[in-house]
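A short worksheet on the structure shown next.
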Amino acid sequence: MNYKWPDHVKFPEDAWLNFHENHIPVWDTILHTLKNKDSNIGIEVGSFCGGSAVWLLENVIKPSGHLYCIDIEEHELLKHNLSVYKNVTFKKGNSFDVMRSLNNNNTEFADVIYIDGSHHAKNVLEDMVISWNLLKQDGIMILDDYGWGSDRVDYETPKPAIDVFMYIYRDLYEVLQFGWQVFLKKKKYKLTEDFLERKYETYN
Ligand SMILES: C[S@@+](CC[C@H](N)C(=O)[O-])C[C@H]1O[C@@H](n2cnc3c(N)ncnc32)[C@H](O)[C@@H]1O
C-alpha cells in the first residue's frame with residue numbers, strides 16, 4: 001500500500017527512517033472505531049520526524065481533538081511536519097518525566113497511546129505503566145517493536161517489558177492485534193479499593 005502523505009511532509013532521505021509507513025494498513029483497520037469519533041486525545045511517546053504523529057493527525061485526531069507528542073529530542077523535520085497542525089503539543093523530555101506531568105488530575109483522558117520511545121525494557125515498562133493510567137476505558141494502547149533487537153540482551157529490548165505487563169495486567173485488556181506491534185484495548189472496569197489492593201471488576 002502506498003499511503004499518500006500530505007504534500008508538506010518530509011522524511012529523511014533513508015527510506016527506512018519512515019518508520020510508520022509499513023504499519024499503516026494495520027493501524028487503518030484497528031483504529032477504524034476511533035476514526036468516527038470527534039475530539040480524540042492521543043499521546044505518542046517517541047515522535048522522531050513525525051511519521052506516526054502526522055498519520056494520527058490526518059486520520060484519527062480531528063481538529064477538535066489533541067495529540068501530545070513526547071520526545072527527548074526535537075528533530076527539525078518533526079518541527080516542520082507538525083507545523084501545519086494547531087491541535088498538537090510537542091513536549092520535549094524524557095517520557096518518564098513528561099508523562100507524569102500530563103497526569104496532573106489523575107484522570108484517564110487519552111483515547112489512543114502509542115509507545116515508540118526508548119526500547120530498553122525498563123523504560124518501555126515505565127512508559128506502559130504510566131500511560132495505562134492516562135488511557136480511557138475502551139482506549140487503545142499500541143506498543144511498537146515487540147520483535148525488535150534479537151541481537152541484543154533481552155533487557156535492552158521491548159519484549160520482556162511487554163510480556164511482563166501483559167501478564168500482570170492480563171484481566172484488564174483485550175488483545176486487538178499481536179505481532180511486531182501489539183494493540184491492547186483497555187476494558188471497562190469498576191474500581192474498588194481496600195488497604196491491601198485495588199480491585200478492577202471488568203465488563204467487556
Ligand atoms: C523509533 S523513533 C520514533 C518513530 C516515530 N514514532 C515514527 O513512527 O516515525 C524513537 C524516538 O524515541 C525517542 N526517545 C528515545 N528514548 C526516549 C525517552 N526516554 N523519552 C522520550 N523519547 C525518547 C528518540 O529520540 C526517537 O526520536
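Naming scheme: A, B, ... for chains in displayed order of the C-alpha cells; residues 1 onward per chain; ligands 1 onward as shown.
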
(message) How would you report the residues lying within 6 Å of ligand 1, as an NGL selection string, if you count only C-alpha atoms and all ligand atoms?
(response) :A and (18-20 or 45-52 or 70-73 or 93-95 or 116-118)

(request) Please identify all polymer residues within 10 Å of Ala53 (chain A), counting only C-alpha atoms, omitting same-chain residues fewer than 5 positions from it, and present them as an MDAnalysis selection string. (result) chainID A and resid 20 42:48 58:59 61 67:69 78 81:82 88 114

(message) DSSP on the backbone, strand (DSSP E or B) only: what residues of chain A does that give? Format it as a PyMOL selection string.
(response) chain A and resi 41-45+66-71+88-92+110-115+135-143+173-178+182-186+189-193+198-202

Sorted per-residue table, region 22-114 of chain A near region 131-147 of chain A, closest atoms and distance, 8 Å, only C-alpha atoms, as a Markdown table:
```
| residue | atom | partner | partner_atom | distance |
| --- | --- | --- | --- | --- |
| A:Met99 | CA | A:Ser131 | CA | 7.0 |
| A:Asn103 | CA | A:Leu134 | CA | 6.8 |
| A:Asn106 | CA | A:Leu134 | CA | 7.6 |
| A:Thr107 | CA | A:Leu134 | CA | 6.2 |
| A:Glu108 | CA | A:Leu134 | CA | 4.2 |
| A:Phe109 | CA | A:Lys136 | CA | 5.5 |
| A:Ala110 | CA | A:Leu135 | CA | 4.7 |
| A:Asp111 | CA | A:Gly139 | CA | 4.5 |
| A:Val112 | CA | A:Ile140 | CA | 4.8 |
| A:Ile113 | CA | A:Met141 | CA | 4.8 |
| A:Tyr114 | CA | A:Ile142 | CA | 4.7 |
```

(message) Residues of chain A classed as alpha helix (DSSP H) by DSSP on the backbone are to be reported as a PyMOL selection string.
(response) chain A and resi 24-30+32-35+51-59+76-82+95-102+121-132+159-168

When you look at Glu201 (chain A) with a cut-off of 7 Å (counting only C-alpha atoms), what residues show up, excluding the ones that are within fewer than 2 positions of it in the same chain? I need them as a PDB file with C-alpha atoms, in the first residue's frame.
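The resulting file, result-v2.pdb, is shown below:
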```
ATOM      1  CA  TYR A 189     -13.989  -1.551  34.835  1.00  0.00           C
ATOM      2  CA  LYS A 190     -15.336  -0.609  38.214  1.00  0.00           C
ATOM      3  CA  LEU A 191     -12.687   0.114  40.830  1.00  0.00           C
ATOM      4  CA  LYS A 199      -9.591  -4.361  42.519  1.00  0.00           C
ATOM      5  CA  TYR A 203     -17.024  -5.658  31.933  1.00  0.00           C
TER       6      TYR A 203
END
```

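The nearest approach to Trp5 (chain A) among the residues A:Ser39, A:Leu17, A:Trp55, A:Met128, with only C-alpha atoms taken into account, belongs to A:Trp55.
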
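Between CA of Asp7 (chain A) and CA of Lys62 (chain A) the separation is 18.3 Å.
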
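For the choices A:Asp97, A:Thr89, A:Lys122, A:Phe11, the atom-to-atom distance to His75 (chain A) is smallest for A:Phe11 when using only C-alpha atoms.
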
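Between CA of Leu77 (chain A) and CA of Val9 (chain A) there is a distance of 8.4 Å.
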
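With only C-alpha atoms as the atoms that count, the minimum distance from Phe165 (chain A) to the choices A:Val124, A:Phe183, A:Ser150, A:Ala15 is reached by A:Val124.
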